[in-house]
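File shown: data-v3.pdb. Contents: PDB, C-alpha atoms, pLDDT in the B column.
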ATOM      1  CA  MET H   1       4.795  -2.443  -8.247  1.00 90.00           C
ATOM      2  CA  PRO H   2       1.056  -2.969  -8.615  1.00 94.00           C
ATOM      3  CA  TRP H   3       0.202  -2.836  -4.903  1.00 95.00           C
ATOM      4  CA  ASP H   4      -3.364  -3.295  -3.654  1.00 95.00           C
ATOM      5  CA  VAL H   5      -3.036  -0.152  -1.485  1.00 96.00           C
ATOM      6  CA  THR H   6      -1.246   3.126  -2.074  1.00 91.00           C
ATOM      7  CA  GLU H   7       1.459   2.939   0.598  1.00 92.00           C
ATOM      8  CA  PRO H   8       2.089  -0.543   2.017  1.00 97.00           C
ATOM      9  CA  TYR H   9       5.079  -1.360   4.187  1.00 97.00           C
ATOM     10  CA  ILE H  10       7.531  -3.292   1.972  1.00 98.00           C
ATOM     11  CA  GLU H  11      10.473  -5.666   2.458  1.00 98.00           C
ATOM     12  CA  ARG H  12      12.533  -7.641  -0.080  1.00 98.00           C
ATOM     13  CA  VAL H  13      13.470 -11.329   0.086  1.00 98.00           C
ATOM     14  CA  VAL H  14      15.282 -13.641  -2.294  1.00 98.00           C
ATOM     15  CA  VAL H  15      14.129 -17.265  -2.507  1.00 98.00           C
ATOM     16  CA  GLY H  16      17.036 -19.486  -1.502  1.00 98.00           C
ATOM     17  CA  PRO H  17      17.485 -23.266  -1.683  1.00 98.00           C
ATOM     18  CA  GLU H  18      16.552 -23.491   2.027  1.00 98.00           C
ATOM     19  CA  HIS H  19      13.090 -22.111   1.185  1.00 98.00           C
ATOM     20  CA  LEU H  20      12.157 -24.859  -1.287  1.00 97.00           C
ATOM     21  CA  ASP H  21       9.958 -27.903  -0.760  1.00 96.00           C
ATOM     22  CA  PHE H  22      10.188 -31.295  -2.467  1.00 96.00           C
ATOM     23  CA  PHE H  23       8.470 -29.846  -5.555  1.00 96.00           C
ATOM     24  CA  GLY H  24      11.240 -27.283  -5.999  1.00 96.00           C
ATOM     25  CA  HIS H  25       9.146 -24.240  -5.216  1.00 96.00           C
ATOM     26  CA  THR H  26       8.815 -22.037  -2.151  1.00 97.00           C
ATOM     27  CA  ASN H  27       7.303 -23.971   0.737  1.00 96.00           C
ATOM     28  CA  ASN H  28       3.984 -22.690   2.100  1.00 93.00           C
ATOM     29  CA  VAL H  29       5.356 -22.529   5.650  1.00 94.00           C
ATOM     30  CA  VAL H  30       8.159 -20.248   4.452  1.00 97.00           C
ATOM     31  CA  TYR H  31       5.589 -17.733   3.225  1.00 97.00           C
ATOM     32  CA  LEU H  32       3.983 -17.701   6.671  1.00 95.00           C
ATOM     33  CA  SER H  33       7.384 -17.052   8.240  1.00 96.00           C
ATOM     34  CA  TRP H  34       7.991 -14.177   5.820  1.00 98.00           C
ATOM     35  CA  LEU H  35       4.584 -12.707   6.648  1.00 97.00           C
ATOM     36  CA  GLU H  36       5.471 -12.733  10.337  1.00 96.00           C
ATOM     37  CA  GLN H  37       8.793 -11.067   9.478  1.00 97.00           C
ATOM     38  CA  VAL H  38       7.173  -8.267   7.444  1.00 98.00           C
ATOM     39  CA  ALA H  39       4.454  -7.794  10.091  1.00 97.00           C
ATOM     40  CA  TRP H  40       7.110  -7.231  12.787  1.00 96.00           C
ATOM     41  CA  GLY H  41       9.024  -4.917  10.474  1.00 97.00           C
ATOM     42  CA  HIS H  42       5.875  -2.896   9.906  1.00 97.00           C
ATOM     43  CA  SER H  43       5.072  -2.789  13.606  1.00 96.00           C
ATOM     44  CA  GLN H  44       8.575  -1.504  14.341  1.00 97.00           C
ATOM     45  CA  HIS H  45       8.220   1.040  11.516  1.00 97.00           C
ATOM     46  CA  LEU H  46       5.028   2.240  13.228  1.00 96.00           C
ATOM     47  CA  GLY H  47       6.932   2.649  16.497  1.00 95.00           C
ATOM     48  CA  LEU H  48       5.981  -0.547  18.350  1.00 96.00           C
ATOM     49  CA  ASP H  49       8.588  -3.233  18.929  1.00 94.00           C
ATOM     50  CA  PHE H  50       8.602  -6.126  21.388  1.00 95.00           C
ATOM     51  CA  ALA H  51      10.148  -3.951  24.118  1.00 96.00           C
ATOM     52  CA  ASP H  52       7.137  -1.630  23.752  1.00 96.00           C
ATOM     53  CA  TYR H  53       4.788  -4.607  24.030  1.00 96.00           C
ATOM     54  CA  GLN H  54       6.537  -5.591  27.266  1.00 96.00           C
ATOM     55  CA  ARG H  55       6.451  -2.034  28.626  1.00 96.00           C
ATOM     56  CA  LEU H  56       2.731  -1.742  27.841  1.00 97.00           C
ATOM     57  CA  GLY H  57       1.959  -5.259  29.084  1.00 97.00           C
ATOM     58  CA  ALA H  58       0.039  -5.953  25.876  1.00 97.00           C
ATOM     59  CA  GLY H  59       0.796  -7.668  22.598  1.00 96.00           C
ATOM     60  CA  CYS H  60      -0.883  -8.966  19.477  1.00 96.00           C
ATOM     61  CA  VAL H  61      -1.155 -12.669  18.698  1.00 96.00           C
ATOM     62  CA  ALA H  62      -2.473 -14.364  15.579  1.00 96.00           C
ATOM     63  CA  ARG H  63      -5.974 -15.813  15.742  1.00 97.00           C
ATOM     64  CA  ARG H  64      -6.535 -16.649  12.075  1.00 97.00           C
ATOM     65  CA  HIS H  65      -4.556 -16.748   8.823  1.00 97.00           C
ATOM     66  CA  GLU H  66      -6.106 -16.693   5.351  1.00 97.00           C
ATOM     67  CA  LEU H  67      -3.521 -17.319   2.618  1.00 97.00           C
ATOM     68  CA  ASP H  68      -4.051 -17.539  -1.136  1.00 97.00           C
ATOM     69  CA  TYR H  69      -1.122 -18.914  -3.127  1.00 96.00           C
ATOM     70  CA  LEU H  70      -1.546 -17.555  -6.658  1.00 97.00           C
ATOM     71  CA  ALA H  71       1.664 -18.652  -8.407  1.00 98.00           C
ATOM     72  CA  ALA H  72       4.728 -20.723  -7.562  1.00 97.00           C
ATOM     73  CA  THR H  73       8.078 -19.087  -6.874  1.00 98.00           C
ATOM     74  CA  PHE H  74      11.507 -20.630  -7.278  1.00 98.00           C
ATOM     75  CA  GLU H  75      15.106 -20.343  -6.145  1.00 98.00           C
ATOM     76  CA  GLY H  76      16.553 -16.984  -7.129  1.00 98.00           C
ATOM     77  CA  ASP H  77      13.208 -15.198  -7.404  1.00 98.00           C
ATOM     78  CA  VAL H  78      13.219 -11.742  -5.842  1.00 98.00           C
ATOM     79  CA  LEU H  79       9.992 -11.181  -3.933  1.00 98.00           C
ATOM     80  CA  TRP H  80       8.576  -7.981  -2.495  1.00 98.00           C
ATOM     81  CA  LEU H  81       6.548  -8.567   0.677  1.00 98.00           C
ATOM     82  CA  SER H  82       4.037  -5.920   1.630  1.00 98.00           C
ATOM     83  CA  THR H  83       1.659  -5.455   4.524  1.00 98.00           C
ATOM     84  CA  TRP H  84      -0.812  -2.947   5.893  1.00 97.00           C
ATOM     85  CA  ILE H  85      -3.582  -2.692   8.448  1.00 97.00           C
ATOM     86  CA  ALA H  86      -6.784  -3.540   6.563  1.00 97.00           C
ATOM     87  CA  GLU H  87      -9.326  -3.413   9.418  1.00 96.00           C
ATOM     88  CA  THR H  88      -9.361  -2.643  13.115  1.00 97.00           C
ATOM     89  CA  ASP H  89     -12.046  -2.326  15.752  1.00 97.00           C
ATOM     90  CA  SER H  90      -9.549  -0.246  17.817  1.00 96.00           C
ATOM     91  CA  ARG H  91     -10.524  -2.334  20.829  1.00 97.00           C
ATOM     92  CA  LEU H  92      -9.500  -5.978  20.588  1.00 97.00           C
ATOM     93  CA  THR H  93      -8.802  -7.134  17.018  1.00 98.00           C
ATOM     94  CA  MET H  94      -7.320  -6.030  13.727  1.00 97.00           C
ATOM     95  CA  TRP H  95      -6.776  -7.596  10.323  1.00 98.00           C
ATOM     96  CA  ARG H  96      -3.400  -7.208   8.658  1.00 97.00           C
ATOM     97  CA  ALA H  97      -3.307  -7.789   4.880  1.00 98.00           C
ATOM     98  CA  TYR H  98      -0.349  -9.023   2.839  1.00 98.00           C
ATOM     99  CA  GLN H  99       0.625  -9.067  -0.817  1.00 98.00           C
ATOM    100  CA  VAL H 100       3.723 -10.706  -2.297  1.00 98.00           C
ATOM    101  CA  ILE H 101       4.891  -9.644  -5.751  1.00 98.00           C
ATOM    102  CA  ARG H 102       7.567 -11.365  -7.838  1.00 98.00           C
ATOM    103  CA  GLU H 103       9.972  -8.722  -9.144  1.00 98.00           C
ATOM    104  CA  ARG H 104      10.751 -10.112 -12.607  1.00 97.00           C
ATOM    105  CA  ASP H 105       7.163 -10.088 -13.932  1.00 98.00           C
ATOM    106  CA  LYS H 106       5.455  -7.929 -11.273  1.00 98.00           C
ATOM    107  CA  ARG H 107       2.977 -10.741 -10.678  1.00 98.00           C
ATOM    108  CA  THR H 108       1.175 -11.064  -7.353  1.00 98.00           C
ATOM    109  CA  VAL H 109       2.104 -14.574  -6.211  1.00 98.00           C
ATOM    110  CA  MET H 110       0.371 -14.540  -2.828  1.00 98.00           C
ATOM    111  CA  ARG H 111      -2.244 -12.578  -0.905  1.00 98.00           C
ATOM    112  CA  GLY H 112      -3.217 -13.117   2.681  1.00 97.00           C
ATOM    113  CA  ARG H 113      -4.711 -11.745   5.854  1.00 97.00           C
ATOM    114  CA  THR H 114      -4.136 -12.371   9.530  1.00 98.00           C
ATOM    115  CA  GLN H 115      -6.504 -11.527  12.325  1.00 98.00           C
ATOM    116  CA  TRP H 116      -4.543 -10.307  15.346  1.00 98.00           C
ATOM    117  CA  VAL H 117      -5.940 -10.158  18.871  1.00 98.00           C
ATOM    118  CA  CYS H 118      -4.611  -7.906  21.613  1.00 98.00           C
ATOM    119  CA  VAL H 119      -3.708  -9.904  24.713  1.00 98.00           C
ATOM    120  CA  ASP H 120      -2.393  -9.212  28.193  1.00 97.00           C
ATOM    121  CA  MET H 121       1.286 -10.194  28.212  1.00 96.00           C
ATOM    122  CA  ALA H 122       1.116 -11.694  31.720  1.00 96.00           C
ATOM    123  CA  SER H 123      -2.068 -13.743  31.432  1.00 97.00           C
ATOM    124  CA  GLY H 124      -2.377 -14.316  27.681  1.00 95.00           C
ATOM    125  CA  ARG H 125      -6.042 -13.315  27.917  1.00 97.00           C
ATOM    126  CA  PRO H 126      -7.649 -10.877  25.468  1.00 97.00           C
ATOM    127  CA  ARG H 127      -7.559  -7.247  26.571  1.00 97.00           C
ATOM    128  CA  ARG H 128      -8.423  -3.839  25.212  1.00 97.00           C
ATOM    129  CA  MET H 129      -5.768  -2.262  22.981  1.00 97.00           C
ATOM    130  CA  PRO H 130      -3.655   0.371  24.733  1.00 97.00           C
ATOM    131  CA  PRO H 131      -3.939   3.880  23.251  1.00 97.00           C
ATOM    132  CA  GLU H 132      -0.488   3.395  21.656  1.00 96.00           C
ATOM    133  CA  PHE H 133      -1.843   0.453  19.634  1.00 96.00           C
ATOM    134  CA  VAL H 134      -4.911   2.394  18.522  1.00 96.00           C
ATOM    135  CA  ALA H 135      -2.700   5.294  17.387  1.00 95.00           C
ATOM    136  CA  ALA H 136      -0.162   3.118  15.541  1.00 96.00           C
ATOM    137  CA  TYR H 137      -2.336   0.393  14.038  1.00 95.00           C
ATOM    138  CA  ARG H 138      -4.595   2.516  11.831  1.00 93.00           C
ATOM    139  CA  VAL H 139      -6.192   1.326   8.611  1.00 94.00           C
ATOM    140  CA  THR H 140      -4.206   1.960   5.432  1.00 83.00           C
ATOM    141  CA  THR H 141      -6.422   3.337   2.695  1.00 71.00           C
ATOM    142  CA  SER H 142      -6.928   1.476  -0.569  1.00 65.00           C
ATOM    143  CA  ARG H 143      -6.333   2.819  -4.050  1.00 60.00           C
TER     144      ARG H 143
END

Before we go any further, please render this structure as structure tokens.
Amino acid sequence: MPWDVTEPYIERVVVGPEHLDFFGHTNNVVYLSWLEQVAWGHSQHLGLDFADYQRLGAGCVARRHELDYLAATFEGDVLWLSTWIAETDSRLTMWRAYQVIRERDKRTVMRGRTQWVCVDMASGRPRRMPPEFVAAYRVTTSR
């Protein structure tokens, strides 16, 4: 697949009838749900799941989403969701990038980014990233 970076984290989804809007294509909100799904999968792949967040007393919450829908997708389309860490200050925030490619024509149908903020799990207030976050959430290099 023509990924934007050399080694993104990748998951596969198939567009089902439950994913469609009134226009018959994948609903925008569904994409956001899939991005959350692939982000958690990547985090777990990097060794940080929700139990680790609880143990560390810190977690990441979304501050901002930027999503560009480049082509419509339809029921039966096989999509490859990818994500990687695009930027991090290794203190409070990081940007996670996403790319969605349709399998049949290898076309990028969506690109996006989310800014994540590290917060204290008890108070919900921003806090410095624990060393485990800094080690796991490193920037993925581009091509």

Got a sec: who's within 12 Å of H:Gly24, counting all atoms listed in the file, leaving out chain neighbours fewer than 6 positions off, as an MDAnalysis selection string?
chainID H and resid 15:18 72:76

I need the output of the PyMOL selection byres ((chain H and resi 1-8) around 8) for this file as a PyMOL selection string; which residues are they?
chain H and resi 9-10+82-84+99+101+106+140-143

Edge lengths and centre in Å, axis-aligned, stretch 116-134 of chain H plus 4 Å each side, as JSON:
{"center_x": -3.6, "center_y": -5.2, "center_z": 23.5, "size_x": 17.7, "size_y": 26.2, "size_z": 24.4}

From the list H:Thr108, H:Gln37, H:Gln115, H:Thr93, which residue is nearest H:Asp68 when using all atoms listed in the file?
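Going through H:Thr108, H:Gln37, H:Gln115, H:Thr93 one by one, the smallest distance to H:Asp68 is for H:Thr108.
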
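Nearest residue to H:Ala58, choosing from H:Ala39, H:Leu20, H:Met110, H:Leu92 and counting all atoms listed in the file: H:Leu92.
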
Reference answer for the PyMOL selection byres ((chain H and resi 36) around 12), as a list in words:
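Output from the PyMOL selection byres ((chain H and resi 36) around 12), applied to this file: Glu11, Val29, Val30, Tyr31, Leu32, Ser33, Trp34, Leu35, Gln37, Val38, Ala39, Trp40, Gly41, His42, Ser43, Cys60, Val61, Ala62, His65, Leu81, Ser82, Thr83, Arg96, Ala97, Tyr98, Gly112, Arg113, Thr114 and Trp116 of chain H.
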
For this structure, which residues satisfy the selection - the PyMOL selection byres ((chain H and resi 69) around 7) - when it is evaluated on the file as given? I want them as a ChimeraX atom specification.
/H:67-68,70-71,109-111

A straight line from atom CA of H:Glu66 to atom CA of H:Val13 spans 21.0 Å

Under the rule that only C-alpha atoms are counted, which of H:Asp21, H:Asp120, H:Glu87, H:Glu132 is the nearest residue to H:Gln54?
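Smallest separation from H:Gln54 among the options: H:Asp120.
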
Rounded to one decimal in Å, what is the spacing between atom CA of H:His45 and atom CA of H:Arg63?
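A separation of 22.4 Å between them.
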
Contacts of H:Gly57 at 8 Å (all atoms listed in the file; same-chain gap of 2+ positions) as a PyMOL selection string:
chain H and resi 53-55+59+120-122

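Taking atom CA of H:Asp105 and atom CA of H:Val14 as endpoints, the distance between them is 14.6 Å.
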
Given all atoms listed in the file as the basis, pick out the residue of H:Asp49, H:Cys118, H:Thr26, H:Gly124 nearest to H:Thr88.
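Residue with the minimum atom-to-atom distance to H:Thr88: H:Cys118.
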
Smallest atom-to-atom distance to H:Arg138: which of H:Met94, H:Leu48, H:Val100, H:Val119, using all atoms listed in the file?
H:Met94

Please fill the gaps in stretch 62-81 of chain H so it has N, CA and C atoms, and write that as a compact mmCIF listing (two decimals), keeping the file's coordinate frame.
# COMPACT_ATOMS: atom_id res chain seq x y z
N ALA H 62 -1.66 -13.95 16.72
CA ALA H 62 -2.47 -14.36 15.58
C ALA H 62 -3.62 -15.26 16.02
N ARG H 63 -4.80 -14.97 15.52
CA ARG H 63 -5.97 -15.81 15.74
C ARG H 63 -6.30 -16.62 14.49
N ARG H 64 -6.12 -16.00 13.32
CA ARG H 64 -6.54 -16.65 12.08
C ARG H 64 -5.66 -16.16 10.92
N HIS H 65 -5.26 -17.08 10.06
CA HIS H 65 -4.56 -16.75 8.82
C HIS H 65 -5.41 -17.18 7.64
N GLU H 66 -5.47 -16.35 6.63
CA GLU H 66 -6.11 -16.69 5.35
C GLU H 66 -5.07 -16.41 4.28
N LEU H 67 -4.60 -17.46 3.59
CA LEU H 67 -3.52 -17.32 2.62
C LEU H 67 -3.95 -17.89 1.28
N ASP H 68 -3.75 -17.10 0.22
CA ASP H 68 -4.05 -17.54 -1.14
C ASP H 68 -2.76 -17.55 -1.94
N TYR H 69 -2.33 -18.75 -2.32
CA TYR H 69 -1.12 -18.91 -3.13
C TYR H 69 -1.54 -18.85 -4.58
N LEU H 70 -1.06 -17.84 -5.31
CA LEU H 70 -1.55 -17.56 -6.66
C LEU H 70 -0.60 -18.02 -7.75
N ALA H 71 0.67 -18.17 -7.43
CA ALA H 71 1.66 -18.65 -8.41
C ALA H 71 2.87 -19.17 -7.63
N ALA H 72 3.53 -20.16 -8.20
CA ALA H 72 4.73 -20.72 -7.56
C ALA H 72 5.91 -19.78 -7.74
N THR H 73 6.82 -19.81 -6.77
CA THR H 73 8.08 -19.09 -6.87
C THR H 73 9.22 -20.07 -6.67
N PHE H 74 10.40 -19.70 -7.20
CA PHE H 74 11.51 -20.63 -7.28
C PHE H 74 12.81 -19.98 -6.82
N GLU H 75 13.81 -20.83 -6.59
CA GLU H 75 15.11 -20.34 -6.14
C GLU H 75 15.59 -19.20 -7.04
N GLY H 76 16.05 -18.14 -6.41
CA GLY H 76 16.55 -16.98 -7.13
C GLY H 76 15.52 -15.90 -7.36
N ASP H 77 14.24 -16.22 -7.22
CA ASP H 77 13.21 -15.20 -7.40
C ASP H 77 13.34 -14.11 -6.34
N VAL H 78 13.26 -12.87 -6.76
CA VAL H 78 13.22 -11.74 -5.84
C VAL H 78 11.75 -11.44 -5.59
N LEU H 79 11.39 -11.43 -4.31
CA LEU H 79 9.99 -11.18 -3.93
C LEU H 79 9.91 -9.93 -3.08
N TRP H 80 8.86 -9.17 -3.30
CA TRP H 80 8.58 -7.98 -2.50
C TRP H 80 7.38 -8.29 -1.62
N LEU H 81 7.59 -8.28 -0.30
CA LEU H 81 6.55 -8.57 0.68
C LEU H 81 5.96 -7.25 1.13
